[in-house]
>>> print(open('input_3.cif').read())   # mmCIF, C-alpha atoms and all ligand atoms
data_data
#
loop_
_atom_site.label_atom_id
_atom_site.label_comp_id
_atom_site.auth_asym_id
_atom_site.auth_seq_id
_atom_site.Cartn_x
_atom_site.Cartn_y
_atom_site.Cartn_z
CA MET A 1 73.96 -266.12 -81.10
CA LYS A 2 73.38 -262.80 -82.90
CA VAL A 3 70.83 -260.65 -81.05
CA LEU A 4 69.10 -257.55 -82.44
CA ILE A 5 67.19 -255.13 -80.23
CA VAL A 6 64.52 -253.34 -82.26
CA LEU A 7 63.78 -249.94 -80.76
CA PRO A 8 60.93 -247.93 -82.30
CA THR A 9 61.18 -244.28 -81.31
CA TYR A 10 59.03 -241.22 -81.61
CA ASN A 11 60.11 -238.18 -79.57
CA GLU A 12 62.35 -240.08 -77.18
CA ALA A 13 65.25 -237.59 -77.14
CA GLU A 14 65.15 -237.47 -73.35
CA ASN A 15 65.49 -241.26 -73.08
CA ILE A 16 67.39 -242.68 -76.03
CA ILE A 17 70.99 -242.10 -74.89
CA ASN A 18 70.26 -243.23 -71.37
CA LEU A 19 68.76 -246.44 -72.74
CA LEU A 20 71.65 -247.07 -75.15
CA GLU A 21 74.09 -246.61 -72.26
CA ARG A 22 72.19 -249.24 -70.28
CA VAL A 23 72.37 -251.63 -73.23
CA LYS A 24 76.10 -250.90 -73.49
CA TYR A 25 76.50 -251.96 -69.86
CA ILE A 26 74.62 -255.24 -70.44
CA ARG A 27 76.73 -255.94 -73.55
CA LYS A 28 79.88 -255.97 -71.40
CA PHE A 29 78.70 -258.93 -69.36
CA PHE A 30 76.79 -260.83 -72.00
CA SER A 31 78.31 -263.65 -73.98
CA HIS A 32 76.21 -263.04 -77.11
CA ASN A 33 76.65 -260.32 -79.67
CA ILE A 34 73.97 -257.62 -79.26
CA ASN A 35 73.22 -254.91 -81.83
CA VAL A 36 70.53 -252.25 -81.68
CA LEU A 37 68.37 -250.93 -84.51
CA VAL A 38 66.63 -247.63 -83.76
CA ILE A 39 63.64 -247.01 -86.04
CA ASP A 40 62.72 -243.39 -85.72
CA ASP A 41 59.79 -241.73 -87.46
CA ASN A 42 61.55 -238.41 -88.04
CA SER A 43 60.87 -237.29 -84.46
CA PRO A 44 60.60 -233.50 -84.23
CA ASP A 45 62.62 -233.55 -80.97
CA GLY A 46 65.77 -234.80 -82.73
CA THR A 47 65.83 -238.38 -81.37
CA ALA A 48 67.35 -239.67 -84.62
CA ARG A 49 70.13 -237.06 -84.60
CA LEU A 50 71.12 -238.05 -81.06
CA ALA A 51 71.02 -241.76 -81.91
CA LYS A 52 73.10 -241.19 -85.05
CA GLU A 53 75.72 -239.22 -83.09
CA TYR A 54 75.89 -242.08 -80.59
CA SER A 55 76.20 -244.67 -83.35
CA LYS A 56 79.33 -242.94 -84.70
CA PHE A 57 81.20 -244.06 -81.57
CA HIS A 58 79.24 -247.25 -80.97
CA PRO A 59 79.21 -249.33 -84.17
CA TRP A 60 76.73 -251.83 -82.70
CA VAL A 61 73.99 -249.17 -83.00
CA TYR A 62 72.18 -248.66 -86.32
CA VAL A 63 69.65 -245.93 -86.97
CA PHE A 64 66.91 -246.00 -89.57
CA VAL A 65 64.81 -242.88 -90.09
CA ARG A 66 61.41 -242.99 -91.76
CA ARG A 67 59.71 -240.00 -93.34
CA GLY A 68 57.07 -239.44 -90.64
CA LYS A 69 54.98 -241.02 -87.91
CA LEU A 70 53.91 -244.31 -89.48
CA GLY A 71 53.03 -246.22 -86.31
CA LEU A 72 54.60 -248.56 -83.79
CA GLY A 73 53.48 -251.74 -85.57
CA SER A 74 54.95 -250.82 -88.92
CA ALA A 75 58.22 -249.71 -87.24
CA LEU A 76 58.55 -253.10 -85.55
CA LEU A 77 57.89 -254.89 -88.83
CA VAL A 78 60.73 -252.95 -90.47
CA GLY A 79 62.97 -254.11 -87.62
CA PHE A 80 61.86 -257.73 -87.95
CA LYS A 81 62.57 -257.73 -91.69
CA TYR A 82 65.98 -256.16 -91.13
CA ALA A 83 66.80 -258.79 -88.49
CA TYR A 84 65.75 -261.63 -90.74
CA THR A 85 67.62 -260.48 -93.83
CA HIS A 86 70.75 -259.74 -91.79
CA GLY A 87 70.91 -263.21 -90.24
CA TYR A 88 70.00 -262.49 -86.61
CA ASP A 89 69.10 -265.50 -84.47
CA CYS A 90 67.11 -263.60 -81.90
CA VAL A 91 65.14 -260.34 -81.94
CA ILE A 92 64.08 -258.29 -78.92
CA SER A 93 61.36 -255.68 -79.23
CA MET A 94 61.59 -252.98 -76.62
CA ASP A 95 60.20 -249.52 -75.87
CA ALA A 96 62.76 -246.73 -75.87
CA ASP A 97 61.38 -244.88 -72.85
CA LEU A 98 63.20 -246.90 -70.13
CA GLN A 99 60.03 -248.74 -69.14
CA HIS A 100 61.67 -251.91 -70.42
CA ASN A 101 64.86 -252.39 -68.44
CA PRO A 102 67.62 -254.06 -70.54
CA PHE A 103 68.56 -255.92 -67.36
CA TYR A 104 66.03 -258.61 -68.44
CA ILE A 105 67.73 -259.29 -71.79
CA PRO A 106 70.09 -262.10 -70.65
CA ARG A 107 67.20 -263.91 -68.96
CA MET A 108 65.03 -263.62 -72.07
CA VAL A 109 67.77 -264.85 -74.39
CA LYS A 110 68.52 -267.75 -72.05
CA ALA A 111 64.86 -268.79 -72.07
CA LEU A 112 64.94 -268.70 -75.87
CA SER A 113 68.11 -270.82 -75.96
CA ASN A 114 66.21 -273.45 -73.98
CA GLY A 115 64.06 -274.11 -77.02
CA VAL A 116 61.16 -271.66 -76.68
CA GLU A 117 60.29 -269.59 -79.79
CA VAL A 118 58.96 -266.45 -78.06
CA VAL A 119 59.67 -265.09 -74.58
CA VAL A 120 57.27 -262.52 -73.15
CA ALA A 121 58.36 -260.15 -70.37
CA SER A 122 55.12 -260.29 -68.45
CA ARG A 123 53.72 -257.81 -65.96
CA TYR A 124 50.86 -260.11 -65.06
CA VAL A 125 52.56 -263.28 -63.81
CA THR A 126 53.74 -263.86 -60.23
CA GLY A 127 56.79 -261.69 -59.66
CA GLY A 128 55.80 -259.24 -62.40
CA ASN A 129 54.37 -255.80 -61.65
CA VAL A 130 53.59 -252.30 -62.87
CA VAL A 131 55.06 -249.44 -60.86
CA GLY A 132 53.89 -245.84 -61.02
CA TRP A 133 50.77 -246.05 -63.18
CA SER A 134 47.56 -244.28 -62.22
CA LEU A 135 44.52 -246.43 -61.39
CA LEU A 136 42.91 -245.41 -64.69
CA ARG A 137 45.96 -246.43 -66.70
CA ARG A 138 46.08 -249.78 -64.91
CA ILE A 139 42.42 -250.43 -65.60
CA VAL A 140 42.78 -249.52 -69.30
CA SER A 141 45.75 -251.85 -69.62
CA LEU A 142 44.06 -254.73 -67.79
CA VAL A 143 40.84 -254.39 -69.81
CA ALA A 144 42.75 -254.18 -73.12
CA ASN A 145 44.79 -257.20 -72.12
CA LEU A 146 41.77 -259.25 -71.09
CA TYR A 147 39.88 -258.24 -74.24
CA ALA A 148 42.67 -259.28 -76.61
CA ARG A 149 43.46 -262.45 -74.63
CA CYS A 150 39.87 -263.67 -74.65
CA LEU A 151 39.05 -262.72 -78.24
CA LEU A 152 42.22 -264.24 -79.66
CA ARG A 153 42.20 -267.12 -77.15
CA LEU A 154 45.79 -266.58 -76.12
CA GLY A 155 47.22 -268.54 -73.21
CA VAL A 156 49.68 -265.77 -72.32
CA SER A 157 49.01 -263.55 -69.26
CA ASP A 158 50.35 -260.33 -70.77
CA VAL A 159 49.45 -259.98 -74.45
CA THR A 160 49.88 -256.20 -74.67
CA THR A 161 53.47 -255.94 -73.47
CA GLY A 162 55.94 -254.67 -76.06
CA TYR A 163 58.92 -256.35 -74.39
CA LYS A 164 59.39 -259.68 -76.15
CA CYS A 165 62.12 -261.88 -77.49
CA TYR A 166 61.60 -263.82 -80.74
CA SER A 167 63.55 -266.66 -82.33
CA ARG A 168 64.56 -266.43 -85.98
CA ARG A 169 61.90 -269.00 -86.79
CA ALA A 170 59.21 -266.93 -85.05
CA ILE A 171 60.33 -263.81 -86.93
CA ALA A 172 60.21 -265.68 -90.26
CA ILE A 173 56.65 -266.81 -89.55
CA ILE A 174 55.55 -263.32 -88.53
CA ILE A 175 57.02 -261.79 -91.70
CA TRP A 176 55.57 -264.52 -93.87
CA SER A 177 52.11 -264.14 -92.28
CA GLY A 178 52.15 -260.38 -92.78
CA ILE A 179 51.34 -257.85 -90.09
CA PHE A 180 47.99 -256.15 -90.33
CA SER A 181 48.47 -253.70 -87.42
CA ARG A 182 50.05 -250.33 -88.02
CA GLY A 183 49.82 -249.45 -84.33
CA TYR A 184 49.72 -251.01 -80.88
CA SER A 185 47.61 -254.05 -81.82
CA ILE A 186 50.82 -255.52 -83.21
CA GLN A 187 51.52 -256.78 -79.68
CA PRO A 188 48.67 -259.32 -79.52
CA GLU A 189 48.93 -259.82 -83.30
CA THR A 190 52.43 -261.32 -83.15
CA LEU A 191 51.32 -263.63 -80.31
CA TYR A 192 48.24 -264.64 -82.26
CA ILE A 193 50.33 -265.55 -85.31
CA ILE A 194 52.73 -267.55 -83.14
CA ASN A 195 49.82 -269.34 -81.47
CA ARG A 196 48.16 -270.18 -84.80
CA HIS A 197 51.40 -271.80 -85.94
CA GLY A 198 51.73 -273.83 -82.73
CA LEU A 199 55.04 -272.30 -81.65
CA SER A 200 55.94 -272.36 -77.95
CA VAL A 201 55.80 -269.20 -75.83
CA SER A 202 57.05 -268.68 -72.30
CA GLU A 203 56.75 -265.77 -69.90
CA ILE A 204 59.25 -264.34 -67.47
CA PRO A 205 58.15 -261.99 -64.67
CA PHE A 206 58.92 -258.39 -65.45
CA VAL A 207 58.53 -255.18 -63.44
CA PHE A 208 57.38 -252.32 -65.66
CA VAL A 209 58.11 -248.80 -64.46
CA SER A 210 56.21 -245.75 -65.66
CA ARG A 211 57.88 -243.20 -67.91
CA ALA A 212 60.41 -240.94 -66.20
CA ALA A 213 60.81 -238.58 -69.18
CA GLY A 214 59.18 -237.77 -72.50
CA LYS A 215 55.54 -238.01 -73.46
CA SER A 216 53.43 -241.09 -73.99
CA LYS A 217 52.11 -241.69 -77.50
CA MET A 218 49.19 -243.57 -76.02
CA ASP A 219 45.96 -241.59 -76.30
CA LEU A 220 42.24 -242.23 -76.70
CA GLY A 221 42.60 -242.67 -80.47
CA VAL A 222 45.27 -245.34 -79.99
CA ILE A 223 43.13 -247.16 -77.42
CA LEU A 224 40.00 -247.09 -79.60
CA GLU A 225 41.99 -248.26 -82.62
CA PHE A 226 43.29 -251.16 -80.54
CA PHE A 227 39.77 -252.26 -79.52
CA TYR A 228 38.56 -251.88 -83.12
CA LEU A 229 41.43 -253.80 -84.74
CA VAL A 230 41.87 -256.77 -82.41
CA PRO A 231 38.67 -258.61 -83.56
CA GLN A 232 39.76 -258.11 -87.18
CA LEU A 233 42.93 -260.11 -86.52
CA LEU A 234 40.78 -263.26 -86.32
CA ALA A 235 39.82 -262.89 -89.97
CA LYS A 236 43.26 -261.73 -91.12
CA HIS A 237 45.16 -264.75 -89.84
CA LYS A 238 43.23 -267.88 -90.61
CA VAL A 239 46.20 -270.18 -91.41
N1 LIG B 301 58.88 -245.34 -84.83
C1 LIG B 301 57.78 -245.17 -84.07
N2 LIG B 301 57.82 -245.39 -82.75
C2 LIG B 301 56.69 -245.19 -82.01
C3 LIG B 301 55.48 -244.75 -82.57
N3 LIG B 301 54.56 -244.66 -81.59
C4 LIG B 301 55.18 -245.02 -80.44
N4 LIG B 301 56.47 -245.33 -80.70
C5 LIG B 301 57.49 -245.81 -79.76
O1 LIG B 301 57.00 -247.04 -79.27
C6 LIG B 301 57.33 -247.20 -77.89
C7 LIG B 301 56.03 -247.36 -77.08
O2 LIG B 301 55.29 -246.14 -77.09
P1 LIG B 301 54.80 -245.43 -75.73
O3 LIG B 301 54.31 -244.07 -76.00
O4 LIG B 301 55.90 -245.55 -74.71
O5 LIG B 301 53.59 -246.35 -75.36
P2 LIG B 301 53.32 -247.04 -74.00
O6 LIG B 301 54.59 -247.61 -73.42
O7 LIG B 301 52.22 -247.99 -74.23
O8 LIG B 301 52.80 -245.83 -73.13
P3 LIG B 301 53.44 -245.17 -71.80
O9 LIG B 301 53.34 -246.21 -70.74
O10 LIG B 301 52.58 -244.01 -71.50
O11 LIG B 301 54.84 -244.81 -72.14
C8 LIG B 301 58.16 -245.97 -77.51
O12 LIG B 301 59.53 -246.27 -77.67
C9 LIG B 301 57.70 -244.93 -78.55
O13 LIG B 301 58.66 -243.93 -78.78
C10 LIG B 301 55.46 -244.50 -84.00
O14 LIG B 301 54.46 -244.11 -84.59
N5 LIG B 301 56.63 -244.72 -84.69
MG MG B 302 56.12 -246.53 -73.04
#
>>> encode(input="input_3.cif", output="structure tokens")
Amino acid sequence: MKVLIVLPTYNEAENIINLLERVKYIRKFFSHNINVLVIDDNSPDGTARLAKEYSKFHPWVYVFVRRGKLGLGSALLVGFKYAYTHGYDCVISMDADLQHNPFYIPRMVKALSNGVEVVVASRYVTGGNVVGWSLLRRIVSLVANLYARCLLRLGVSDVTTGYKCYSRRAIAIIIWSGIFSRGYSIQPETLYIINRHGLSVSEIPFVFVSRAAGKSKMDLGVILEFFYLVPQLLAKHKV
């Protein structure tokens, strides 16, 4: 099985090498071939330069730099298209800030091999958790999650997590359906598309840790955009 990790980055210079080293460790013990595609939006802190340096000595790392900050959703879509056209069987979307521990990758890929089309690393199932978030951040996340879940009628506990594993078939359907979100609403959007097409989804418990380094790109604008865009997904994906 050919696995691609899609890593969108914006100002993650303090995290990127640490994360790639963790992936390197997992690769040693994993029977499948794992590559990484970093999609950087020309981060002013030099994330792309660091990733490119690393890729010179680690040929399983590819780096794609876009001209400016074009959004998380559009970065993921670039990664999905790359994975599809390059024949990957399985695609993992992951944040580059060490909140998504690569330790979960083998478990996610195994769940996918058992016939599921999408595996969600879920903070909100038994055994999952969020460590280190303020009360306000927890409330915002829970409300956003509940809002998207109810509006889109998704049977998944955690619809806002960015840590997911997709089969080739799921990726093909997502690309074919088109992604409307430029930003964070891509997380429920991919699940909505998958649900509309009747593909199976499973969740594994996942412990999310708050950022140790670098700045969050989540701000009030991003949150408001999320709440504004989610209802529009209903009209965009009618199938
Ligand atoms: N290429 C690209 N990556 C982005 C963009 N916005 C965010 N990212 C990356 O997407 C991932 C998620 O963004 P975060 O800022 O960590 O969002 P979050 O995890 O919801 O928020 P925190 O918990 O505060 O970290 C990180 O790897 C970011 O660097 C963007 O516009 N373009
Ligand atoms: Mg993050």
>>> residues_around(input="input_3.cif", residues="Tyr104 (chain A)", least_positions_apart="2", cutoff="10 Å", atoms="only C-alpha atoms", output="count of residues only")
14
>>> closest_residue(input="input_3.cif", among="A:Ile223, A:Lys236, A:Arg66, A:Leu199", to="Val143 (chain A)", atoms="only C-alpha atoms")
A:Ile223
>>> closest_residue(input="input_3.cif", among="A:Pro44, A:Gly162, A:Gly183, A:Gly71", to="ligand LIG 301 (chain B)", atoms="all atoms listed in the file")
A:Gly71
>>> closest_residue(input="input_3.cif", among="A:Arg169, A:Arg149, A:Lys215, A:Lys28", to="ligand MG 302 (chain B)", atoms="only C-alpha atoms and all ligand atoms")
A:Lys215
>>> closest_residue(input="input_3.cif", among="A:Asp95, A:Asp45, A:Glu203, A:Glu53", to="ligand LIG 301 (chain B)", atoms="only C-alpha atoms and all ligand atoms")
A:Asp95
>>> residues_around(input="input_3.cif", residues="Arg153 (chain A)", least_positions_apart="2", cutoff="12 Å", atoms="all atoms listed in the file", output="JSON, numbers by chain")
{"A": [145, 146, 147, 148, 149, 150, 151, 155, 156, 157, 159, 188, 189, 191, 192, 193, 195, 196, 230, 231, 233, 234]}
>>> closest_residue(input="input_3.cif", among="A:Val116, A:Leu20, A:Met94, A:Leu70", to="ligand MG 302 (chain B)", atoms="all atoms listed in the file")
A:Met94
>>> atom_distance(input="input_3.cif", atom1="CA of Phe57 (chain A)", atom2="atom C4 of ligand LIG 301 (chain B)")
26.1 Å
>>> closest_atom_pairs(input="input_3.cif", of="chain A", to="ligand MG 302 (chain B)", cutoff="12 Å", atoms="all atoms listed in the file", output="Markdown table")
| residue | atom | partner | partner_atom | distance |
| --- | --- | --- | --- | --- |
| A:Leu7 | CA | B:MG302 | MG | 11.4 |
| A:Pro8 | CA | B:MG302 | MG | 10.5 |
| A:Thr9 | CA | B:MG302 | MG | 10.0 |
| A:Tyr10 | CA | B:MG302 | MG | 10.5 |
| A:Asn11 | CA | B:MG302 | MG | 11.3 |
| A:Glu12 | CA | B:MG302 | MG | 9.9 |
| A:Asn15 | CA | B:MG302 | MG | 10.8 |
| A:Leu72 | CA | B:MG302 | MG | 11.0 |
| A:Met94 | CA | B:MG302 | MG | 9.2 |
| A:Asp95 | CA | B:MG302 | MG | 5.8 |
| A:Ala96 | CA | B:MG302 | MG | 7.2 |
| A:Asp97 | CA | B:MG302 | MG | 5.5 |
| A:Leu98 | CA | B:MG302 | MG | 7.7 |
| A:Gln99 | CA | B:MG302 | MG | 5.9 |
| A:His100 | CA | B:MG302 | MG | 8.2 |
| A:Asn101 | CA | B:MG302 | MG | 11.5 |
| A:Val130 | CA | B:MG302 | MG | 12.0 |
| A:Trp133 | CA | B:MG302 | MG | 11.2 |
| A:Arg137 | CA | B:MG302 | MG | 12.0 |
| A:Thr160 | CA | B:MG302 | MG | 11.6 |
| A:Thr161 | CA | B:MG302 | MG | 9.8 |
| A:Gly162 | CA | B:MG302 | MG | 8.7 |
| A:Tyr163 | CA | B:MG302 | MG | 10.3 |
| A:Tyr184 | CA | B:MG302 | MG | 11.1 |
| A:Phe208 | CA | B:MG302 | MG | 9.5 |
| A:Val209 | CA | B:MG302 | MG | 9.1 |
| A:Ser210 | CA | B:MG302 | MG | 7.4 |
| A:Arg211 | CA | B:MG302 | MG | 6.4 |
| A:Ala212 | CA | B:MG302 | MG | 9.8 |
| A:Ala213 | CA | B:MG302 | MG | 10.0 |
| A:Gly214 | CA | B:MG302 | MG | 9.3 |
| A:Lys215 | CA | B:MG302 | MG | 8.6 |
| A:Ser216 | CA | B:MG302 | MG | 6.1 |
| A:Lys217 | CA | B:MG302 | MG | 7.7 |
| A:Met218 | CA | B:MG302 | MG | 8.1 |
| A:Asp219 | CA | B:MG302 | MG | 11.8 |
>>> closest_residue(input="input_3.cif", among="A:Ile186, A:Val131, A:Val125, A:Leu19", to="Val36 (chain A)", atoms="all atoms listed in the file")
A:Leu19
>>> axis_aligned_box(input="input_3.cif", around="ligand LIG 301 (chain B)", padding_each_side="6 Å", output="lines of an AutoDock Vina configuration file")
center_x = 55.9
center_y = -246.0
center_z = -77.8
size_x = 19.3
size_y = 16.1
size_z = 26.1
>>> atom_distance(input="input_3.cif", atom1="CA of Val3 (chain A)", atom2="CA of Ala83 (chain A)")
8.7 Å
>>> decode(input="input_3.cif", residues="region 48-145 of chain A", atoms="C-alpha atoms", output="tab-separated table (two decimals), in the first residue's frame")
chain	number	residue	atom	x	y	z
A	48	ALA	CA	9.43	25.64	3.03
A	49	ARG	CA	13.19	26.22	3.02
A	50	LEU	CA	13.63	23.95	6.05
A	51	ALA	CA	11.39	21.27	4.53
A	52	LYS	CA	13.26	21.45	1.21
A	53	GLU	CA	16.64	21.09	2.97
A	54	TYR	CA	15.28	18.04	4.79
A	55	SER	CA	13.92	16.54	1.57
A	56	LYS	CA	17.40	16.62	0.00
A	57	PHE	CA	18.46	13.88	2.43
A	58	HIS	CA	15.07	12.21	2.77
A	59	PRO	CA	13.70	11.43	-0.71
A	60	TRP	CA	10.31	10.36	0.70
A	61	VAL	CA	9.57	14.04	1.46
A	62	TYR	CA	8.20	16.32	-1.28
A	63	VAL	CA	7.64	20.04	-0.89
A	64	PHE	CA	5.22	22.15	-2.87
A	65	VAL	CA	5.24	25.91	-2.35
A	66	ARG	CA	2.30	28.10	-3.32
A	67	ARG	CA	2.53	31.83	-3.93
A	68	GLY	CA	0.82	32.96	-0.71
A	69	LYS	CA	-1.66	32.09	2.01
A	70	LEU	CA	-4.49	30.45	0.06
A	71	GLY	CA	-6.14	28.54	2.92
A	72	LEU	CA	-6.05	25.15	4.58
A	73	GLY	CA	-8.87	23.69	2.46
A	74	SER	CA	-7.30	24.54	-0.86
A	75	ALA	CA	-3.91	23.22	0.34
A	76	LEU	CA	-5.48	19.88	1.24
A	77	LEU	CA	-7.21	19.69	-2.14
A	78	VAL	CA	-3.85	20.16	-3.89
A	79	GLY	CA	-2.53	17.26	-1.81
A	80	PHE	CA	-5.51	15.05	-2.61
A	81	LYS	CA	-5.12	15.68	-6.35
A	82	TYR	CA	-1.41	14.95	-6.16
A	83	ALA	CA	-2.09	11.70	-4.30
A	84	TYR	CA	-4.68	10.60	-6.81
A	85	THR	CA	-2.64	11.35	-9.92
A	86	HIS	CA	0.45	9.70	-8.42
A	87	GLY	CA	-1.32	6.43	-7.64
A	88	TYR	CA	-1.47	6.52	-3.83
A	89	ASP	CA	-3.81	4.01	-2.18
A	90	CYS	CA	-4.24	5.90	1.05
A	91	VAL	CA	-4.00	9.58	2.02
A	92	ILE	CA	-3.55	10.97	5.53
A	93	SER	CA	-4.32	14.60	6.27
A	94	MET	CA	-2.47	15.93	9.25
A	95	ASP	CA	-1.60	19.25	10.92
A	96	ALA	CA	2.09	20.09	10.97
A	97	ASP	CA	2.17	21.50	14.50
A	98	LEU	CA	2.65	18.18	16.37
A	99	GLN	CA	-0.95	18.14	17.58
A	100	HIS	CA	-1.48	15.07	15.41
A	101	ASN	CA	0.97	12.44	16.61
A	102	PRO	CA	2.19	10.19	13.73
A	103	PHE	CA	2.05	7.34	16.24
A	104	TYR	CA	-1.60	6.84	15.17
A	105	ILE	CA	-0.76	6.29	11.48
A	106	PRO	CA	-0.36	2.47	11.57
A	107	ARG	CA	-3.68	2.12	13.41
A	108	MET	CA	-5.46	4.35	10.90
A	109	VAL	CA	-4.03	2.53	7.89
A	110	LYS	CA	-4.94	-0.83	9.44
A	111	ALA	CA	-8.54	0.31	9.93
A	112	LEU	CA	-8.61	1.37	6.27
A	113	SER	CA	-7.22	-2.01	5.15
A	114	ASN	CA	-10.17	-3.62	6.92
A	115	GLY	CA	-12.47	-2.17	4.28
A	116	VAL	CA	-13.44	1.25	5.65
A	117	GLU	CA	-13.14	4.21	3.23
A	118	VAL	CA	-12.35	6.96	5.76
A	119	VAL	CA	-10.82	6.73	9.24
A	120	VAL	CA	-11.26	9.69	11.57
A	121	ALA	CA	-8.87	10.25	14.49
A	122	SER	CA	-11.52	11.36	16.95
A	123	ARG	CA	-11.13	13.42	20.10
A	124	TYR	CA	-14.74	12.87	21.07
A	125	VAL	CA	-15.08	9.09	21.33
A	126	THR	CA	-14.26	7.02	24.43
A	127	GLY	CA	-10.49	6.97	24.81
A	128	GLY	CA	-10.05	10.20	22.84
A	129	ASN	CA	-9.23	13.51	24.51
A	130	VAL	CA	-7.94	17.06	24.16
A	131	VAL	CA	-5.02	18.01	26.37
A	132	GLY	CA	-3.93	21.56	27.14
A	133	TRP	CA	-6.73	23.65	25.63
A	134	SER	CA	-8.30	26.54	27.52
A	135	LEU	CA	-11.98	26.22	28.49
A	136	LEU	CA	-12.89	28.80	25.83
A	137	ARG	CA	-11.07	26.88	23.09
A	138	ARG	CA	-12.79	23.66	24.15
A	139	ILE	CA	-16.19	25.29	24.07
A	140	VAL	CA	-15.57	26.83	20.62
A	141	SER	CA	-14.47	23.45	19.27
A	142	LEU	CA	-17.40	21.56	20.81
A	143	VAL	CA	-19.96	24.10	19.56
A	144	ALA	CA	-18.44	24.15	16.04
A	145	ASN	CA	-18.42	20.37	16.02
